[in-house]
Structures are given as C-alpha cells and as structure tokens.
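Trainee: The following block contains the structure, expressed as structure tokens.
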Amino acid sequence: MVDITHKISTLRTATAKATVIVSLQATIDAVVNNLVPKGNVLEMAKTAGLFAVKNTHLSIPDCHPIPIEFTSVEYEINELSIDIIFKVKTVYKTGVEVEAMHGASIVALTMYDMLKPIDKNIEISTIKLISKEGGKSSFKNRFPSAIKAAVFVCSDSIFAGDKQDRSGKIIVEKLEISGVETTHYEIIPDEIDVIQERTKAFAKENQLIIFTGGTGLSPRDVTPQALEPLLETRIPGIEEAVRNYGQQRMPYSMLSRTVAGTLGNTLVLALPGSTNGAKESMDAIFPHVLHVFHILKGKNHDTK
C-alpha cells in the first residue's frame, strides 16, 4: 500500500453512483411495492452496501483500512432505471472514493441477485464517482504571484563546517512542492542578534521566513528567545499543529519550542533542526498554512 503516514487527517467525503436497469415495468412495481420473492430489495441491498463499504480493504489490495464514520444510500427511480446514490464520510488521511464506489457496486449486485428470478434482462450500466472532497486538494490557495520565502539554518556546528545541513534543504524542497519560491537560503550561528537582524531585514521582501534549529532546550537553543520579542501576533494553532503531528510520531516532540507568528505581513516560523523534525513540521502545516496570506489581506476562510 502507498505510505500515508506523512499525511494529516481531514474530513473526507465521496459520493458514487451505480445504475441498475430492468427490462419490465412489473419489476419496478415489485421493487416499489415490496413484492419481490427474495424480500425487500431496497433495504437488503442497502444493508449489503453498508457491510461492503466497511470491508473495502479486504477486497481491493491497495485500499487502506479506513474508519467509515458515515454512510448513506439513496435511490432514484426513473422509468426502468434505479440509480443508487452512495455517500461515505470519514476523518482520515486518505480519501473514500473507492469505498463509495465499492459500496454502490455491491448494492447494485445485490439488487441484480434479488431481481434476476423475475427479470432475466437486468443490467448494471454505470458505476462512477460523482464527487469527492477533503485532503490537500480541497485546501488549495491561489495567489497572483509566487509567495517568496527566506530559509535560515540556525546551527553553530553547521555554520562552523563540522556538519552538513539537511533540514534546511528539506524545507526548501517542501516549499518548492507547495509553489513557494525560496529567495534566500543561509546557515547562521545560534546568536540572538544575528537571528533578529536576519528576521527584520528579510521580512521587508519576503512573505515567509523559516528558521530551522535552535528550538530545543540546550543553552545554545535561542531561536524562540530571538523571535518572540519581534513577533507582532503569535499563532498558537500553527505551533500546536506542528507539535501534535510530531507527537503522534515521536514522543520527544513535546520538548520542541516551535514558534509561529507575524511580523507585518510576513509569517515567521521557527521549526526543529533535526532532519525528521523539519520534514514532519513541513508535512504538518504545508501547504494549507499558506492560507494565512489570504487572511492577512482581510479575506475570509472560504477564500481559495
């Protein structure tokens, strides 16, 4: 199966449709009036679909086991056609499109099985996805021009040449994937005055400034102390999202002092300096954190 451990959980919905076509009006009448010898077709088919959707991963190899948290089955009868509208919801890391289509197909097959004794020319004509929502594709932010970012690696050892930077490069790669242009990348020492000077200087030309490193508890971890006096508005939700995401993967994440806030119209982030810490922090909040730039311009949360 595809690795989805880096994804965040969001509300995900999918609606699928399957169509059963019968050959006789008498068949439709038997379904509507509950006269089919095998029982109530609409209710039994619905029940079969409810069982099926929860077990999709047992039938389709690449599907993940998903906590199905809502399922509805509706029918629309039009002349000799019965449309099955199958809707599924979950709060999880991956979508439920296949689950919805699987459920709709099993409803259709159950109807076929129950109706074939009275109608030999039944056809299942269509199984398709009607709509889906959730995941990163539902939280895209569009801007007239590229967001510009400056990335700084705060590390005495890397600055001295004793180690190679990996976290900063990962951040630059993640920014590129999110459509953000990195205009400046620099390794600096763990010095409060240097961090503050870079922040004030680069906030003039960049909408985003990211520091990686210096957020731990050692005496030289001073990035939060440097940034906190400069930030005009702290954004606790971003900080909580980073730590919560990390805590689900590694218990030491609770010791990180991630910082997020604004300086003018610039978003300033201080992320962990470890390779995994930087990667997971970016996975936790990008690209949806870019919505902050719409909000800073006075737009509402529905703007995309």
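Residue names in the structure tokens use chain letters A, B, ... in the order shown, residue numbers from 1 in each chain, and ligand numbers from 1 in the order shown.
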Using DSSP secondary structure from the backbone, list all alpha helix (DSSP H) positions within segment 108-179 of chain A, as a PyMOL selection string.

Mentor: chain A and resi 108-115+156-159+167-177

Trainee: Which residues are near segment 84-86 of chain A? Cut-off 7 Å, only C-alpha atoms, ignore same chain within fewer than 6 positions. Put them as a list in words.

Mentor: Thr15, Ala16, Lys17, Ala18, Thr19, Ser72, Val73, Glu74, Tyr75, Glu76, Ala100, Gly103 and Ala104 of chain A

Trainee: Skip Met282 of chain A itself and residues of its chain fewer than 2 positions away, then list as a ChimeraX atom specification all residues within 9 Å of it, counting only C-alpha atoms.

Mentor: /A:170-171,174-175,242,271,277-280,284-287

Trainee: Closest to Thr215 of chain A among A:His64, A:Ala14, A:His57, A:Arg243, using only C-alpha atoms?

Mentor: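 Of A:His64, A:Ala14, A:His57, A:Arg243, the one nearest Thr215 of chain A is A:Arg243, counting only C-alpha atoms.
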
Trainee: So, counting only C-alpha atoms, which residue among A:Met111, A:Ile235, A:Ile158, A:Ile8 is closest to Asn40 of chain A?

Mentor: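 That would be A:Met111, the residue with the smallest distance to Asn40 of chain A.
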
Trainee: What are the nearest atom pairs, with distances in Å to one decimal, for all residues of segment 79-164 of chain A that come at most 12 Å from segment 198-209 of chain A, using only C-alpha atoms, set out by chain and rising residue number as JSON lines?

Mentor:
```
{"residue": "A:Ser145", "atom": "CA", "partner": "A:Gln207", "partner_atom": "CA", "distance": 11.5}
{"residue": "A:Ala146", "atom": "CA", "partner": "A:Gln207", "partner_atom": "CA", "distance": 9.8}
{"residue": "A:Ile147", "atom": "CA", "partner": "A:Gln207", "partner_atom": "CA", "distance": 6.3}
{"residue": "A:Lys148", "atom": "CA", "partner": "A:Asn206", "partner_atom": "CA", "distance": 5.0}
{"residue": "A:Ala149", "atom": "CA", "partner": "A:Leu208", "partner_atom": "CA", "distance": 4.5}
{"residue": "A:Ala150", "atom": "CA", "partner": "A:Ile209", "partner_atom": "CA", "distance": 4.9}
{"residue": "A:Val151", "atom": "CA", "partner": "A:Ile209", "partner_atom": "CA", "distance": 6.0}
{"residue": "A:Phe152", "atom": "CA", "partner": "A:Ile209", "partner_atom": "CA", "distance": 7.9}
{"residue": "A:Val153", "atom": "CA", "partner": "A:Ile209", "partner_atom": "CA", "distance": 11.1}
{"residue": "A:Cys154", "atom": "CA", "partner": "A:Arg198", "partner_atom": "CA", "distance": 11.3}
```

Trainee: Could you give me the residues within segment 28-208 of chain A that DSSP places in strand (DSSP E), as a ChimeraX atom specification?

Mentor: /A:70-78,81-92,123-133,148-154,181-188,208

Trainee: As an exercise, work out the distance from atom CA of Pro224 of chain A to atom CA of His291 of chain A in Å and give it to one decimal place.

Mentor: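 Straight-line distance from atom CA of Pro224 of chain A to atom CA of His291 of chain A works out to 23.3 Å.
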
Trainee: As a list in words, please: the residues near Tyr112 of chain A (cut-off 8 Å, only C-alpha atoms, same-chain neighbours under 4 positions excluded).

Mentor: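 Result of the neighbour search: Val20, Ala108, Lys116, Ile122, Glu123 and Ile124 of chain A.
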
Trainee: For Arg12 of chain A, please output as a PDB file with N, CA and C atoms, in the first residue's frame all residues within 9 Å (counting only C-alpha atoms; exclusion window: fewer than 3 positions along the same chain).

Mentor:
```pdb
ATOM      1  N   SER A   9      -4.977  14.084   8.903  1.00  0.00           N
ATOM      2  CA  SER A   9      -6.373  13.682   8.787  1.00  0.00           C
ATOM      3  C   SER A   9      -7.242  14.905   8.538  1.00  0.00           C
ATOM      4  N   VAL A  88     -20.151   8.451   1.427  1.00  0.00           N
ATOM      5  CA  VAL A  88     -19.316   7.982   2.537  1.00  0.00           C
ATOM      6  C   VAL A  88     -18.547   9.165   3.118  1.00  0.00           C
ATOM      7  N   LYS A  89     -18.391   9.181   4.445  1.00  0.00           N
ATOM      8  CA  LYS A  89     -17.596  10.206   5.114  1.00  0.00           C
ATOM      9  C   LYS A  89     -16.626   9.561   6.101  1.00  0.00           C
ATOM     10  N   THR A  90     -15.483  10.207   6.269  1.00  0.00           N
ATOM     11  CA  THR A  90     -14.534   9.808   7.303  1.00  0.00           C
ATOM     12  C   THR A  90     -13.662  10.997   7.645  1.00  0.00           C
ATOM     13  N   VAL A  91     -13.008  10.939   8.769  1.00  0.00           N
ATOM     14  CA  VAL A  91     -11.944  11.883   9.104  1.00  0.00           C
ATOM     15  C   VAL A  91     -10.673  11.057   9.153  1.00  0.00           C
ATOM     16  N   TYR A  92      -9.894  11.150   8.084  1.00  0.00           N
ATOM     17  CA  TYR A  92      -8.728  10.273   7.981  1.00  0.00           C
ATOM     18  C   TYR A  92      -7.712  10.856   7.013  1.00  0.00           C
ATOM     19  N   LYS A  93      -6.638  10.104   6.774  1.00  0.00           N
ATOM     20  CA  LYS A  93      -5.511  10.580   5.972  1.00  0.00           C
ATOM     21  C   LYS A  93      -5.676  10.352   4.472  1.00  0.00           C
ATOM     22  N   THR A  94      -6.617   9.522   4.101  1.00  0.00           N
ATOM     23  CA  THR A  94      -6.800   9.221   2.682  1.00  0.00           C
ATOM     24  C   THR A  94      -8.282   9.194   2.353  1.00  0.00           C
ATOM     25  N   GLY A  95      -8.591   9.336   1.076  1.00  0.00           N
ATOM     26  CA  GLY A  95      -9.969   9.511   0.659  1.00  0.00           C
ATOM     27  C   GLY A  95     -10.783   8.227   0.628  1.00  0.00           C
ATOM     28  N   VAL A  96     -12.089   8.389   0.376  1.00  0.00           N
ATOM     29  CA  VAL A  96     -13.024   7.265   0.419  1.00  0.00           C
ATOM     30  C   VAL A  96     -13.741   7.076  -0.921  1.00  0.00           C
ATOM     31  N   LYS A 132     -16.005  14.243  -4.736  1.00  0.00           N
ATOM     32  CA  LYS A 132     -15.171  13.953  -3.568  1.00  0.00           C
ATOM     33  C   LYS A 132     -14.653  15.264  -2.987  1.00  0.00           C
ATOM     34  N   GLU A 133     -14.418  15.273  -1.694  1.00  0.00           N
ATOM     35  CA  GLU A 133     -13.875  16.438  -1.008  1.00  0.00           C
ATOM     36  C   GLU A 133     -12.929  15.963   0.088  1.00  0.00           C
ATOM     37  N   GLY A 134     -12.011  16.859   0.458  1.00  0.00           N
ATOM     38  CA  GLY A 134     -11.090  16.560   1.548  1.00  0.00           C
ATOM     39  C   GLY A 134      -9.667  16.392   1.079  1.00  0.00           C
ATOM     40  N   GLY A 135      -8.737  16.417   2.023  1.00  0.00           N
ATOM     41  CA  GLY A 135      -7.329  16.316   1.671  1.00  0.00           C
ATOM     42  C   GLY A 135      -6.790  17.631   1.151  1.00  0.00           C
TER      43      GLY A 135
END
```

Trainee: Using only C-alpha atoms for the distances, tell me which of A:Val2, A:Leu115, A:Ile68, A:Leu50 is nearest to Val36 of chain A.

Mentor: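 Once distances to Val36 of chain A are computed over only C-alpha atoms, the minimum belongs to A:Leu115.
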
Trainee: Do you have the atom CA of Phe70 of chain A-atom CA of Val53 of chain A distance handy?

Mentor: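 Result for atom CA of Phe70 of chain A versus atom CA of Val53 of chain A: 10.2 Å, one decimal.
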
Trainee: Excluding same-chain residues fewer than 2 positions from Ile238 of chain A, what lies within 10 Å of it counting only C-alpha atoms, as a VMD selection string?

Mentor: chain A and resid 234 to 236 240 to 244 258 to 261 269 281 284 to 285 289
